[in-house]
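Pasting final37.cif here (mmCIF, C-alpha atoms):
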```cif
data_upload
loop_
_atom_site.label_atom_id
_atom_site.label_comp_id
_atom_site.auth_asym_id
_atom_site.auth_seq_id
_atom_site.Cartn_x
_atom_site.Cartn_y
_atom_site.Cartn_z
CA MET D 149 27.35 54.83 95.17
CA SER D 150 25.65 51.45 94.86
CA SER D 151 26.69 48.55 97.06
CA GLN D 152 27.84 46.67 93.94
CA ASN D 153 30.17 49.50 92.87
CA LEU D 154 31.47 49.84 96.42
CA ALA D 155 32.19 46.11 96.59
CA LEU D 156 33.99 46.26 93.24
CA ARG D 157 36.14 49.19 94.36
CA LEU D 158 37.02 47.44 97.61
CA LEU D 159 37.96 44.30 95.67
CA VAL D 160 40.19 46.33 93.35
CA LEU D 161 41.77 48.08 96.34
CA LEU D 162 42.51 44.76 98.04
CA GLY D 163 44.00 43.45 94.82
CA VAL D 164 46.25 46.51 94.48
CA LEU D 165 47.38 46.21 98.10
CA LEU D 166 48.20 42.53 97.55
CA LEU D 167 50.20 43.38 94.42
CA ILE D 168 52.11 46.07 96.31
CA LYS D 169 52.87 43.70 99.18
CA VAL D 170 54.16 40.96 96.89
CA SER D 171 56.13 43.49 94.81
CA ILE D 172 57.89 44.76 97.95
CA ALA D 173 58.68 41.16 98.94
CA ILE D 174 60.13 40.47 95.48
CA VAL D 175 62.32 43.56 95.51
CA GLY D 176 63.33 42.71 99.07
CA ASN D 177 64.93 39.51 97.76
CA TYR D 178 67.21 41.50 95.47
CA SER D 179 69.87 41.37 98.19
CA LEU D 180 70.37 37.75 97.07
CA TYR D 181 71.34 38.93 93.58
CA PHE D 182 73.91 41.66 94.37
CA PRO D 183 76.24 39.74 94.50
CA PRO D 184 74.53 36.60 93.18
CA ASN D 185 73.75 33.92 95.77
CA PHE D 186 73.53 30.50 94.12
CA GLU D 187 72.25 28.77 97.24
CA GLN D 188 69.01 30.71 97.80
CA GLY D 189 66.17 32.29 95.87
CA PHE D 190 65.79 32.31 92.10
CA LEU D 191 69.50 31.73 91.45
CA ASP D 192 69.65 28.56 93.56
CA GLY D 193 71.66 26.03 91.56
CA ARG D 194 72.11 28.35 88.53
CA ALA D 195 75.85 28.98 88.84
CA GLN D 196 76.63 27.30 85.51
CA THR D 197 73.85 29.14 83.68
CA PHE D 198 74.64 32.53 85.19
CA VAL D 199 77.30 33.57 82.70
CA GLY D 200 77.59 35.75 79.62
CA LEU D 201 74.35 36.90 78.00
CA TYR D 202 72.14 35.21 80.61
CA ARG D 203 73.74 37.22 83.41
CA LEU D 204 73.15 40.46 81.51
CA ALA D 205 69.56 39.46 80.68
CA PHE D 206 68.82 38.55 84.30
CA TYR D 207 69.92 41.87 85.73
CA GLY D 208 68.20 43.80 82.96
CA HIS D 209 64.99 41.89 83.61
CA ILE D 210 64.86 42.32 87.38
CA VAL D 211 65.70 46.04 87.18
CA VAL D 212 63.39 47.00 84.30
CA GLY D 213 60.48 44.73 85.24
CA PRO D 214 59.40 46.65 88.38
CA ILE D 215 59.85 49.96 86.54
CA CYS D 216 57.51 48.82 83.74
CA MET D 217 54.93 47.61 86.27
CA ALA D 218 55.10 50.90 88.16
CA ILE D 219 54.70 52.91 84.95
CA GLY D 220 51.76 50.74 83.92
CA THR D 221 50.05 51.31 87.26
CA VAL D 222 50.51 55.09 87.03
CA GLN D 223 49.30 55.13 83.43
CA LEU D 224 46.00 53.50 84.38
CA THR D 225 45.13 56.23 86.88
CA PRO D 226 42.72 59.03 85.86
CA TRP D 227 45.32 61.58 87.01
CA SER D 228 47.86 60.34 84.47
CA ARG D 229 45.35 60.32 81.63
CA ARG D 230 44.39 63.91 82.42
CA THR D 231 48.04 64.97 82.12
CA ALA D 232 48.56 64.27 78.43
CA LYS D 233 52.25 65.22 78.23
CA LEU D 234 53.19 63.04 81.21
CA HIS D 235 51.02 60.19 79.94
CA ARG D 236 52.69 60.23 76.53
CA GLY D 237 56.17 60.50 78.01
CA LEU D 238 55.70 57.60 80.41
CA GLY D 239 54.06 55.55 77.67
CA ARG D 240 57.02 56.02 75.33
CA LEU D 241 59.46 55.16 78.11
CA GLN D 242 57.54 52.00 78.98
CA LEU D 243 57.37 50.95 75.31
CA LEU D 244 61.12 51.39 74.87
CA LEU D 245 61.90 49.47 78.06
CA ILE D 246 59.65 46.60 76.99
CA LEU D 247 60.99 46.42 73.43
CA LEU D 248 64.67 46.97 74.20
CA VAL D 249 65.13 45.29 77.58
CA LEU D 250 62.22 43.44 79.17
CA SER D 251 61.02 41.23 76.31
CA PRO D 252 64.50 40.43 74.91
CA SER D 253 65.83 39.55 78.37
CA GLY D 254 62.74 37.45 79.09
CA THR D 255 63.30 35.59 75.82
CA ILE D 256 66.93 34.84 76.70
CA MET D 257 66.00 33.64 80.18
CA ALA D 258 63.18 31.48 78.80
CA TRP D 259 65.72 29.30 76.97
CA HIS D 260 67.28 28.37 80.31
CA SER D 261 64.08 28.06 82.29
CA TYR D 262 63.79 25.89 85.36
CA ALA D 263 61.52 22.86 84.75
CA GLY D 264 62.38 22.48 81.09
CA TRP D 265 60.98 23.51 77.74
CA ILE D 266 57.30 23.60 78.76
CA ALA D 267 57.94 26.36 81.29
CA GLY D 268 60.41 28.00 78.92
CA PHE D 269 57.88 28.10 76.10
CA GLY D 270 55.37 29.63 78.51
CA PHE D 271 57.75 32.48 79.35
CA LEU D 272 58.72 32.90 75.69
CA SER D 273 55.03 33.20 74.79
CA LEU D 274 54.61 35.75 77.57
CA ALA D 275 57.45 37.88 76.17
CA ILE D 276 55.91 37.77 72.70
CA ALA D 277 52.41 38.59 74.00
CA THR D 278 53.73 41.52 76.06
CA THR D 279 55.56 42.92 73.05
CA TRP D 280 52.48 42.55 70.86
CA CYS D 281 50.17 44.29 73.34
CA ALA D 282 52.63 47.15 73.84
CA LEU D 283 52.98 47.65 70.07
CA GLN D 284 49.22 47.53 69.57
CA GLY D 285 48.78 50.06 72.36
CA TRP D 286 51.28 52.36 70.65
CA ARG D 287 49.67 51.88 67.21
CA THR D 288 46.14 52.61 68.42
CA ALA D 289 47.34 55.74 70.26
CA LEU D 290 48.92 57.05 67.06
CA VAL D 291 45.60 56.83 65.19
CA ARG D 292 43.71 58.27 68.21
CA ARG D 293 41.67 55.13 68.89
CA TYR D 294 41.91 55.80 72.59
CA ASP D 295 39.39 53.21 73.79
CA ASP D 296 41.28 50.48 71.94
CA HIS D 297 44.55 51.95 73.21
CA ALA D 298 43.34 51.71 76.81
CA ARG D 299 42.30 48.08 76.35
CA TRP D 300 45.63 47.08 74.80
CA MET D 301 47.62 48.77 77.53
CA LEU D 302 45.47 47.17 80.20
CA ARG D 303 46.30 43.81 78.63
CA CYS D 304 49.97 44.80 78.69
CA SER D 305 49.76 45.69 82.40
CA ILE D 306 48.09 42.35 83.14
CA LEU D 307 50.96 40.56 81.42
CA LEU D 308 53.55 42.63 83.27
CA CYS D 309 51.93 41.76 86.60
CA SER D 310 52.25 38.05 85.82
CA ALA D 311 55.63 38.19 87.59
CA ILE D 312 53.78 38.91 90.83
CA LEU D 313 51.17 36.21 90.28
CA LEU D 314 53.97 33.76 89.47
CA ARG D 315 55.42 34.33 92.95
CA ILE D 316 52.00 33.99 94.59
CA ILE D 317 51.37 30.68 92.83
CA GLY D 318 54.87 29.50 93.68
CA GLY D 319 54.42 30.32 97.35
CA ALA D 320 51.03 28.60 97.47
CA THR D 321 52.25 25.41 95.79
CA GLU D 322 55.31 25.29 98.03
CA PHE D 323 53.10 25.67 101.10
CA MET D 324 50.97 22.75 99.86
CA HIS D 325 54.10 20.67 99.13
CA TRP D 326 53.28 20.14 95.46
CA ASP D 327 55.92 18.87 93.07
CA ALA D 328 58.20 21.84 92.41
CA GLU D 329 58.89 21.30 88.70
CA ALA D 330 55.31 20.42 87.77
CA SER D 331 54.02 23.42 89.72
CA TYR D 332 56.48 25.72 88.00
CA ARG D 333 55.34 24.53 84.57
CA VAL D 334 51.73 25.26 85.49
CA ALA D 335 52.63 28.66 86.96
CA ALA D 336 54.65 29.62 83.87
CA TRP D 337 51.42 29.52 81.86
CA SER D 338 48.64 30.19 84.36
CA SER D 339 50.29 33.33 85.79
CA TRP D 340 49.45 35.22 82.58
CA VAL D 341 46.98 33.13 80.56
CA VAL D 342 44.37 32.94 83.33
CA PRO D 343 44.21 36.68 84.20
CA LEU D 344 44.27 37.59 80.50
CA LEU D 345 41.42 35.16 79.83
CA VAL D 346 39.42 36.62 82.73
CA PHE D 347 39.94 40.11 81.30
CA GLU D 348 38.78 39.01 77.84
CA LEU D 349 35.65 37.38 79.28
CA ILE D 350 34.80 40.50 81.30
CA GLU D 351 35.50 42.70 78.29
CA ARG D 352 33.26 40.50 76.12
CA HIS D 353 30.49 40.65 78.72
CA TRP D 354 30.64 44.48 78.89
CA HIS D 355 30.66 44.68 75.09
CA LEU D 356 27.51 42.56 74.87
CA CYS D 357 25.82 44.60 77.61
CA ARG D 358 26.57 47.88 75.83
CA HIS D 359 25.11 46.62 72.56
CA ALA D 360 22.05 45.16 74.30
CA LYS D 361 21.01 48.61 75.57
#
```
Represent the supplied structure as structure tokens.
Amino acid sequence: MSSQNLALRLLVLLGVLLLIKVSIAIVGNYSLYFPPNFEQGFLDGRAQTFVGLYRLAFYGHIVVGPICMAIGTVQLTPWSRRTAKLHRGLGRLQLLLILLVLSPSGTIMAWHSYAGWIAGFGFLSLAIATTWCALQGWRTALVRRYDDHARWMLRCSILLCSAILLRIIGGATEFMHWDAEASYRVAAWSSWVVPLLVFELIERHWHLCRHAK
């Protein structure tokens, strides 16, 4: 194995470990939501908003979100792709959870987003983009365009993991004492636009390299 490939694998491993650590920290805060605590965490100051459809959307989102991320991580492993029946079953489950719960609940919550309409539009765009990538992944699998399917589902996983990056950005900006509302607006967009853009640039670079050979 070349030193470049080894460095890349180590970088990916560190990234996965960081994602796992932050995911555990996020789930660890769920004790603030059962029952809801309106003085700490995400629900701080949201007592008036936390009623009716928003309440249902919130709980659906925080329960289904980690499940979709976990499925996406498993689906990207070589072991899952070698087990066709499991891969298809998990893929269908993930698609249904995204279409029926995750994206609709994210859309509802976006309308009541902290820091106003700019952040809300960012989260609404994220819900739409996640739905689109999941549907494109399903469509390309149906017509057996498996390379395209893999790329669309990788995009979908990147968008799903934006919840983790959002917390990382939030923690960093809080540590640096940046303005909370302005930072949240930036994080609402950068948590998914930036990693998706990086992926597209890398994908474009690999595409050009393959055709240059």
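Pairwise distance (atom CA of Trp300 of chain D, atom CA of Gln242 of chain D) equals 13.5 Å.
The residue that comes closest to Gly285 of chain D, out of D:Trp326, D:Val199, D:Phe271, D:Arg236 and on the basis of only C-alpha atoms, is D:Arg236.
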Using all atoms listed in the file, which residues of segment 191-224 of chain D come within 12 Å of segment 258-269 of chain D, and what is the closest atom pair for each, with the distance in Å to one decimal? Give it as a Markdown table, sorted by chain and residue number.
```
| residue | atom | partner | partner_atom | distance |
| --- | --- | --- | --- | --- |
| D:Leu191 | CA | D:Tyr262 | CA | 10.2 |
| D:Asp192 | CA | D:Tyr262 | CA | 10.4 |
| D:Gly193 | CA | D:Tyr262 | CA | 10.0 |
| D:Arg194 | CA | D:Tyr262 | CA | 9.2 |
| D:Gln196 | CA | D:His260 | CA | 10.8 |
| D:Thr197 | CA | D:His260 | CA | 7.4 |
| D:Phe198 | CA | D:His260 | CA | 9.8 |
| D:Val199 | CA | D:His260 | CA | 11.5 |
| D:Leu201 | CA | D:His260 | CA | 11.3 |
| D:Tyr202 | CA | D:His260 | CA | 8.4 |
| D:Arg203 | CA | D:His260 | CA | 11.4 |
| D:Ala205 | CA | D:Ala258 | CA | 10.4 |
| D:Phe206 | CA | D:Ala258 | CA | 10.6 |
| D:His209 | CA | D:Ala258 | CA | 11.6 |
```
> Got a sec to resolve the PyMOL selection byres ((chain D and resi 208) around 12) on this structure and send the residues as a ChimeraX atom specification?
Replying inline: /D:201-207,209-216,245-246,248-257
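Take atom CA of Trp286 of chain D and atom CA of Leu243 of chain D: the distance between them is 7.8 Å.
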Selection in question (the file shown): the PyMOL selection byres ((chain D and resi 308) around 10). Which residues does it include, as a JSON list (two decimals) with C-alpha atoms, keeping the file's coordinate frame?
```
[["chain", "number", "residue", "atom", "x", "y", "z"],
["D", 213, "GLY", "CA", 60.48, 44.73, 85.24],
["D", 214, "PRO", "CA", 59.40, 46.65, 88.38],
["D", 216, "CYS", "CA", 57.51, 48.82, 83.74],
["D", 217, "MET", "CA", 54.93, 47.61, 86.27],
["D", 218, "ALA", "CA", 55.10, 50.90, 88.16],
["D", 220, "GLY", "CA", 51.76, 50.74, 83.92],
["D", 246, "ILE", "CA", 59.65, 46.60, 76.99],
["D", 250, "LEU", "CA", 62.22, 43.44, 79.17],
["D", 274, "LEU", "CA", 54.61, 35.75, 77.57],
["D", 275, "ALA", "CA", 57.45, 37.88, 76.17],
["D", 278, "THR", "CA", 53.73, 41.52, 76.06],
["D", 302, "LEU", "CA", 45.47, 47.17, 80.20],
["D", 303, "ARG", "CA", 46.30, 43.81, 78.63],
["D", 304, "CYS", "CA", 49.97, 44.80, 78.69],
["D", 305, "SER", "CA", 49.76, 45.69, 82.40],
["D", 306, "ILE", "CA", 48.09, 42.35, 83.14],
["D", 307, "LEU", "CA", 50.96, 40.56, 81.42],
["D", 309, "CYS", "CA", 51.93, 41.76, 86.60],
["D", 310, "SER", "CA", 52.25, 38.05, 85.82],
["D", 311, "ALA", "CA", 55.63, 38.19, 87.59],
["D", 312, "ILE", "CA", 53.78, 38.91, 90.83],
["D", 313, "LEU", "CA", 51.17, 36.21, 90.28],
["D", 340, "TRP", "CA", 49.45, 35.22, 82.58]]
```
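Closest approach to Ser339 of chain D among D:Leu290, D:Cys357, D:Gly318, D:Ala232 is made by D:Gly318 (distances from only C-alpha atoms).
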> How many Å lie between atom CA of Ala282 of chain D and atom CA of Leu247 of chain D, rounded to one decimal?
Replying inline: 8.4 Å
>> Can you spell out as an MDAnalysis selection string the set of residues that the PyMOL selection byres ((chain D and resi 331) around 12) selects in the structure I just provided?
In response: chainID D and resid 262:263 266:267 314:330 332:339
